[in-house]
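So this one's coords15.txt, compact mmCIF, C-alpha atoms:
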# COMPACT_ATOMS: atom_id res chain seq x y z
CA MET A 88 0.00 0.00 0.00
CA PRO A 89 1.47 3.40 -0.89
CA PHE A 90 2.32 5.50 2.17
CA GLU A 91 0.07 8.38 1.12
CA ARG A 92 -2.95 6.06 0.99
CA TYR A 93 -2.11 4.52 4.37
CA LEU A 94 -1.69 7.98 5.90
CA ARG A 95 -5.04 9.12 4.54
CA GLU A 96 -6.99 5.98 5.53
CA ALA A 97 -5.34 5.22 8.89
CA VAL A 98 -4.72 8.73 10.27
CA LEU A 99 -6.15 11.68 8.38
CA GLU A 100 -9.67 10.35 7.78
CA PRO A 101 -10.22 8.85 11.26
CA LEU A 102 -9.05 12.12 12.87
CA ALA A 103 -11.18 14.23 10.49
CA MET A 104 -8.07 16.03 9.26
CA THR A 105 -9.88 16.74 6.01
CA ALA A 106 -7.82 19.73 4.86
CA THR A 107 -4.41 18.08 5.35
CA SER A 108 -2.50 16.38 2.57
CA LEU A 109 0.94 14.97 1.85
CA ASP A 110 2.81 17.23 -0.55
CA GLY A 111 6.19 15.58 -0.99
CA SER A 112 8.24 13.52 1.42
CA PRO A 113 6.57 11.90 4.46
CA ALA A 114 9.43 13.40 6.50
CA ALA A 115 8.51 16.99 5.70
CA GLY A 116 5.58 17.19 3.31
CA LEU A 117 2.44 17.18 5.46
CA VAL A 118 0.54 20.40 4.75
CA GLY A 119 -2.62 21.57 6.48
CA PRO A 120 -4.34 24.16 8.68
CA LEU A 121 -4.05 24.74 12.42
CA GLY A 122 -7.39 23.03 13.14
CA ASP A 123 -6.10 19.77 11.69
CA LEU A 124 -2.81 20.12 13.56
CA LEU A 125 -4.79 20.57 16.79
CA ARG A 126 -6.69 17.34 16.04
CA LEU A 127 -3.36 15.55 15.69
CA ALA A 128 -2.11 17.11 18.94
CA ALA A 129 -5.24 15.89 20.76
CA GLU A 130 -4.66 12.39 19.38
CA LEU A 131 -1.03 12.37 20.47
CA ARG A 132 -2.01 13.65 23.91
CA SER A 133 -4.60 10.89 24.42
CA PRO A 134 -3.92 8.22 21.79
CA THR A 135 -6.70 6.21 20.24
CA LEU A 136 -5.08 5.57 16.85
CA ALA A 137 -1.45 6.66 17.09
CA ALA A 138 1.08 4.16 18.30
CA THR A 139 2.64 4.94 21.65
CA SER A 140 5.98 4.20 19.97
CA MET A 141 5.93 7.81 18.77
CA ARG A 142 6.54 9.01 22.32
CA GLU A 143 8.92 6.27 23.45
CA VAL A 144 12.63 6.29 22.64
CA ALA A 145 13.22 3.85 19.79
CA PHE A 146 17.01 3.46 20.00
CA SER A 147 18.29 4.65 23.36
CA GLY A 148 21.62 6.38 23.78
CA LEU A 149 22.41 7.30 20.18
CA ASP A 150 24.25 10.58 19.68
CA GLY A 151 23.30 12.88 16.83
CA VAL A 152 22.49 16.37 15.66
CA LEU A 153 19.22 18.11 16.48
CA PRO A 154 18.71 20.34 13.42
CA GLY A 155 19.27 23.98 14.30
CA PHE A 156 20.40 23.12 17.86
CA GLY A 157 23.58 21.15 17.24
CA PRO A 158 25.10 17.91 18.55
CA GLN A 159 23.18 16.14 21.30
CA SER A 160 24.25 13.24 23.49
CA PRO A 161 21.98 11.37 23.47
CA ASN A 162 19.73 12.53 20.62
CA ASP A 163 16.69 10.39 21.43
CA TRP A 164 13.85 9.92 18.94
CA GLY A 165 10.68 7.88 18.93
CA LEU A 166 9.17 6.65 15.68
CA GLY A 167 8.49 9.96 13.95
CA CYS A 168 8.80 12.26 16.96
CA GLU A 169 11.80 13.66 18.75
CA VAL A 170 11.89 12.97 22.51
CA ARG A 171 13.19 15.91 24.58
CA GLY A 172 15.06 13.98 27.25
CA THR A 173 17.94 16.07 28.64
CA LYS A 174 18.92 17.83 25.39
CA SER A 175 20.26 21.34 25.68
CA PRO A 176 19.81 23.60 23.87
CA HIS A 177 16.36 22.55 22.81
CA TRP A 178 13.38 23.96 20.92
CA THR A 179 10.95 23.31 23.80
CA GLY A 180 11.18 25.20 27.08
CA ALA A 181 13.12 24.56 30.26
CA ARG A 182 9.75 23.83 31.93
CA ASN A 183 8.99 20.95 29.53
CA SER A 184 9.48 17.51 31.05
CA PRO A 185 12.04 15.09 29.58
CA ALA A 186 9.04 13.02 28.39
CA THR A 187 8.00 15.81 25.99
CA PHE A 188 7.87 14.66 22.39
CA GLY A 189 7.08 16.32 19.10
CA HIS A 190 8.34 17.61 15.80
CA PHE A 191 9.26 20.91 14.19
CA GLY A 192 9.95 21.82 10.63
CA ALA A 193 11.92 24.11 8.38
CA ALA A 194 8.68 25.91 7.50
CA GLY A 195 8.66 27.39 11.03
CA SER A 196 6.00 25.31 12.74
CA PHE A 197 5.96 22.87 15.67
CA LEU A 198 3.85 20.49 17.71
CA TRP A 199 4.84 19.13 21.10
CA VAL A 200 3.10 17.08 23.77
CA ASP A 201 4.23 17.07 27.40
CA PRO A 202 2.58 13.96 28.91
CA VAL A 203 3.69 14.90 32.44
CA ALA A 204 1.96 18.30 32.29
CA ASP A 205 -0.80 16.78 30.10
CA VAL A 206 -0.47 19.69 27.68
CA ALA A 207 0.03 19.93 23.93
CA ALA A 208 1.16 22.99 21.96
CA CYS A 209 1.03 23.78 18.25
CA TYR A 210 2.50 26.70 16.38
CA LEU A 211 2.10 27.49 12.69
CA GLY A 212 4.67 30.05 11.66
CA ASP A 213 4.68 32.54 8.83
CA ARG A 214 8.45 32.47 8.30
CA PRO A 215 11.01 29.70 7.96
CA PHE A 216 12.82 28.23 10.97
CA GLY A 217 15.86 30.31 11.91
CA ASP A 218 17.67 32.05 14.74
CA TRP A 219 14.40 33.68 15.84
CA ALA A 220 12.86 30.24 16.59
CA ARG A 221 15.84 29.17 18.74
CA VAL A 222 14.97 32.07 21.06
CA GLU A 223 11.19 32.42 20.73
CA TRP A 224 10.02 28.78 20.80
CA PRO A 225 11.56 27.85 24.18
CA ALA A 226 10.30 31.12 25.69
CA LEU A 227 6.81 30.51 24.29
CA SER A 228 6.80 26.95 25.63
CA ASP A 229 7.81 28.15 29.10
CA ARG A 230 5.06 30.81 29.08
CA LEU A 231 2.47 28.22 28.05
CA LEU A 232 3.50 25.80 30.78
CA ALA A 233 3.63 28.60 33.39
CA SER A 234 0.01 29.50 32.63

How would this structure read if it were set down as structure tokens?
Amino acid sequence: MPFERYLREAVLEPLAMTATSLDGSPAAGLVGPLGDLLRLAAELRSPTLAATSMREVAFSGLDGVLPGFGPQSPNDWGLGCEVRGTKSPHWTGARNSPATFGHFGAAGSFLWVDPVADVAACYLGDRPFGDWARVEWPALSDRLLAS
């Protein structure tokens, strides 16, 4: 089964993410509005369809580079989502728990879920990821968790 069909039938349709589509690579090509992203965040916060393997570290202890934030040891990832762990610097805030998981993209958007705080956050940006995001995203995350 082609990935795009599986994505549509197993995720997008059951979550009523009707305005989202895959435009390119599965790694970076999902395009849609904030409402659909919020539906995905709700699913990741309280899974009914999504595998819990997205929030669990898949290969523990591997070093690597967190794009835009440099080398990390370890650079833990689940299946499709990055797991915060003890990484520093990081795109989530200092208040986020190590169990926080999510994804951000070069288009300037992010989604994270902090299962300890039982909070999810989504941001759709209007400019590409850059130095501004390294400063603003962690500060925004800390403000959200403080409230």

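The coordinates place atom CA of Gly192 of chain A at 10.4 Å from atom CA of Gly217 of chain A.
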
Give me, as JSON lines, each residue of segment 168-234 of chain A that comes within 7 Å of segment 123-136 of chain A, together with its shortest interatomic pair and the distance in Å at one decimal, counting only C-alpha atoms, with rows ordered by chain and rising residue number.
{"residue": "A:Leu198", "atom": "CA", "partner": "A:Ala128", "partner_atom": "CA", "distance": 7.0}
{"residue": "A:Val200", "atom": "CA", "partner": "A:Arg132", "partner_atom": "CA", "distance": 6.2}
{"residue": "A:Pro202", "atom": "CA", "partner": "A:Arg132", "partner_atom": "CA", "distance": 6.8}
{"residue": "A:Ala207", "atom": "CA", "partner": "A:Ala128", "partner_atom": "CA", "distance": 6.1}
{"residue": "A:Cys209", "atom": "CA", "partner": "A:Leu125", "partner_atom": "CA", "distance": 6.8}

Near Ser196 of chain A, within 7 Å and counting only C-alpha atoms, which residues show up once chain neighbours fewer than 2 positions away are dropped, as a PyMOL selection string?
chain A and resi 191-192+194+210-212

Distance in Å - atom CA of Ala181 of chain A versus atom CA of Pro225 of chain A
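Value for the atom CA of Ala181 of chain A-atom CA of Pro225 of chain A distance: 7.1 Å.
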
With a distance cut-off of 7 Å and all atoms listed in the file, select the neighbouring residues of segment 153-167 of chain A, excluding the residue or stretch itself and same-chain residues fewer than 4 positions from it, and output the selection as JSON, numbers by chain.
{"A": [140, 141, 142, 143, 144, 145, 147, 148, 149, 174, 176, 177]}

For the residues selected in the previous step, produce a file with C-alpha atoms as an mmCIF file, in the coordinates of the input.
data_model
loop_
_atom_site.group_PDB
_atom_site.id
_atom_site.type_symbol
_atom_site.label_atom_id
_atom_site.label_comp_id
_atom_site.auth_asym_id
_atom_site.auth_seq_id
_atom_site.Cartn_x
_atom_site.Cartn_y
_atom_site.Cartn_z
ATOM 1 C CA SER A 140 5.980 4.200 19.970
ATOM 2 C CA MET A 141 5.930 7.810 18.770
ATOM 3 C CA ARG A 142 6.540 9.010 22.320
ATOM 4 C CA GLU A 143 8.920 6.270 23.450
ATOM 5 C CA VAL A 144 12.630 6.290 22.640
ATOM 6 C CA ALA A 145 13.220 3.850 19.790
ATOM 7 C CA SER A 147 18.290 4.650 23.360
ATOM 8 C CA GLY A 148 21.620 6.380 23.780
ATOM 9 C CA LEU A 149 22.410 7.300 20.180
ATOM 10 C CA LYS A 174 18.920 17.830 25.390
ATOM 11 C CA PRO A 176 19.810 23.600 23.870
ATOM 12 C CA HIS A 177 16.360 22.550 22.810
#

Spatial neighbours of Phe216 of chain A, max dist 6 Å, all atoms listed in the file, sep filter under 4 positions, as a VMD selection string:
chain A and resid 193 to 195 220

State, in Å with one decimal place, the distance from atom CA of Phe197 of chain A to atom CA of Met88 of chain A.
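Atom CA of Phe197 of chain A sits 28.4 Å away from atom CA of Met88 of chain A.
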
Identify which of the residues A:Leu227, A:Met104, A:Cys168, A:Ala208 lies closest to Gly180 of chain A, counting only C-alpha atoms when measuring atom-to-atom distances.
A:Leu227

Of the candidates A:Arg221, A:Arg182, A:His190, A:Arg214, which shows the shortest atom-to-atom distance to Ser234 of chain A, using only C-alpha atoms?
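For Ser234 of chain A, the nearest of the candidates is A:Arg182.
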
Any chance you could turn segment 218-230 of chain A into a file with N, CA, C and O atoms, as an mmCIF file, in the first residue's frame?
data_model
loop_
_atom_site.group_PDB
_atom_site.id
_atom_site.type_symbol
_atom_site.label_atom_id
_atom_site.label_comp_id
_atom_site.auth_asym_id
_atom_site.auth_seq_id
_atom_site.Cartn_x
_atom_site.Cartn_y
_atom_site.Cartn_z
ATOM 1 N N ASP A 218 17.182 31.620 13.423
ATOM 2 C CA ASP A 218 17.673 32.052 14.736
ATOM 3 C C ASP A 218 16.541 32.535 15.633
ATOM 4 O O ASP A 218 16.567 32.332 16.843
ATOM 5 N N TRP A 219 15.531 33.178 15.054
ATOM 6 C CA TRP A 219 14.404 33.679 15.842
ATOM 7 C C TRP A 219 13.724 32.540 16.610
ATOM 8 O O TRP A 219 13.334 32.716 17.760
ATOM 9 N N ALA A 220 13.564 31.370 15.961
ATOM 10 C CA ALA A 220 12.863 30.238 16.590
ATOM 11 C C ALA A 220 13.670 29.669 17.750
ATOM 12 O O ALA A 220 13.090 29.217 18.744
ATOM 13 N N ARG A 221 14.983 29.679 17.657
ATOM 14 C CA ARG A 221 15.835 29.171 18.742
ATOM 15 C C ARG A 221 15.608 29.953 20.038
ATOM 16 O O ARG A 221 15.758 29.427 21.124
ATOM 17 N N VAL A 222 15.223 31.206 19.907
ATOM 18 C CA VAL A 222 14.965 32.070 21.060
ATOM 19 C C VAL A 222 13.488 32.053 21.443
ATOM 20 O O VAL A 222 13.140 31.871 22.614
ATOM 21 N N GLU A 223 12.620 32.232 20.456
ATOM 22 C CA GLU A 223 11.192 32.418 20.727
ATOM 23 C C GLU A 223 10.454 31.140 21.124
ATOM 24 O O GLU A 223 9.575 31.175 21.980
ATOM 25 N N TRP A 224 10.754 30.005 20.488
ATOM 26 C CA TRP A 224 10.021 28.780 20.799
ATOM 27 C C TRP A 224 10.200 28.317 22.235
ATOM 28 O O TRP A 224 9.211 28.017 22.905
ATOM 29 N N PRO A 225 11.436 28.247 22.765
ATOM 30 C CA PRO A 225 11.555 27.847 24.177
ATOM 31 C C PRO A 225 10.860 28.826 25.124
ATOM 32 O O PRO A 225 10.225 28.403 26.103
ATOM 33 N N ALA A 226 10.962 30.120 24.831
ATOM 34 C CA ALA A 226 10.303 31.124 25.687
ATOM 35 C C ALA A 226 8.789 30.961 25.625
ATOM 36 O O ALA A 226 8.104 31.031 26.658
ATOM 37 N N LEU A 227 8.243 30.729 24.436
ATOM 38 C CA LEU A 227 6.807 30.507 24.293
ATOM 39 C C LEU A 227 6.371 29.261 25.047
ATOM 40 O O LEU A 227 5.364 29.274 25.771
ATOM 41 N N SER A 228 7.125 28.195 24.914
ATOM 42 C CA SER A 228 6.802 26.952 25.626
ATOM 43 C C SER A 228 6.790 27.169 27.131
ATOM 44 O O SER A 228 5.881 26.674 27.832
ATOM 45 N N ASP A 229 7.770 27.886 27.655
ATOM 46 C CA ASP A 229 7.811 28.152 29.098
ATOM 47 C C ASP A 229 6.623 28.995 29.546
ATOM 48 O O ASP A 229 6.034 28.730 30.603
ATOM 49 N N ARG A 230 6.229 29.985 28.734
ATOM 50 C CA ARG A 230 5.064 30.808 29.079
ATOM 51 C C ARG A 230 3.792 29.962 29.076
ATOM 52 O O ARG A 230 2.940 30.109 29.961
#
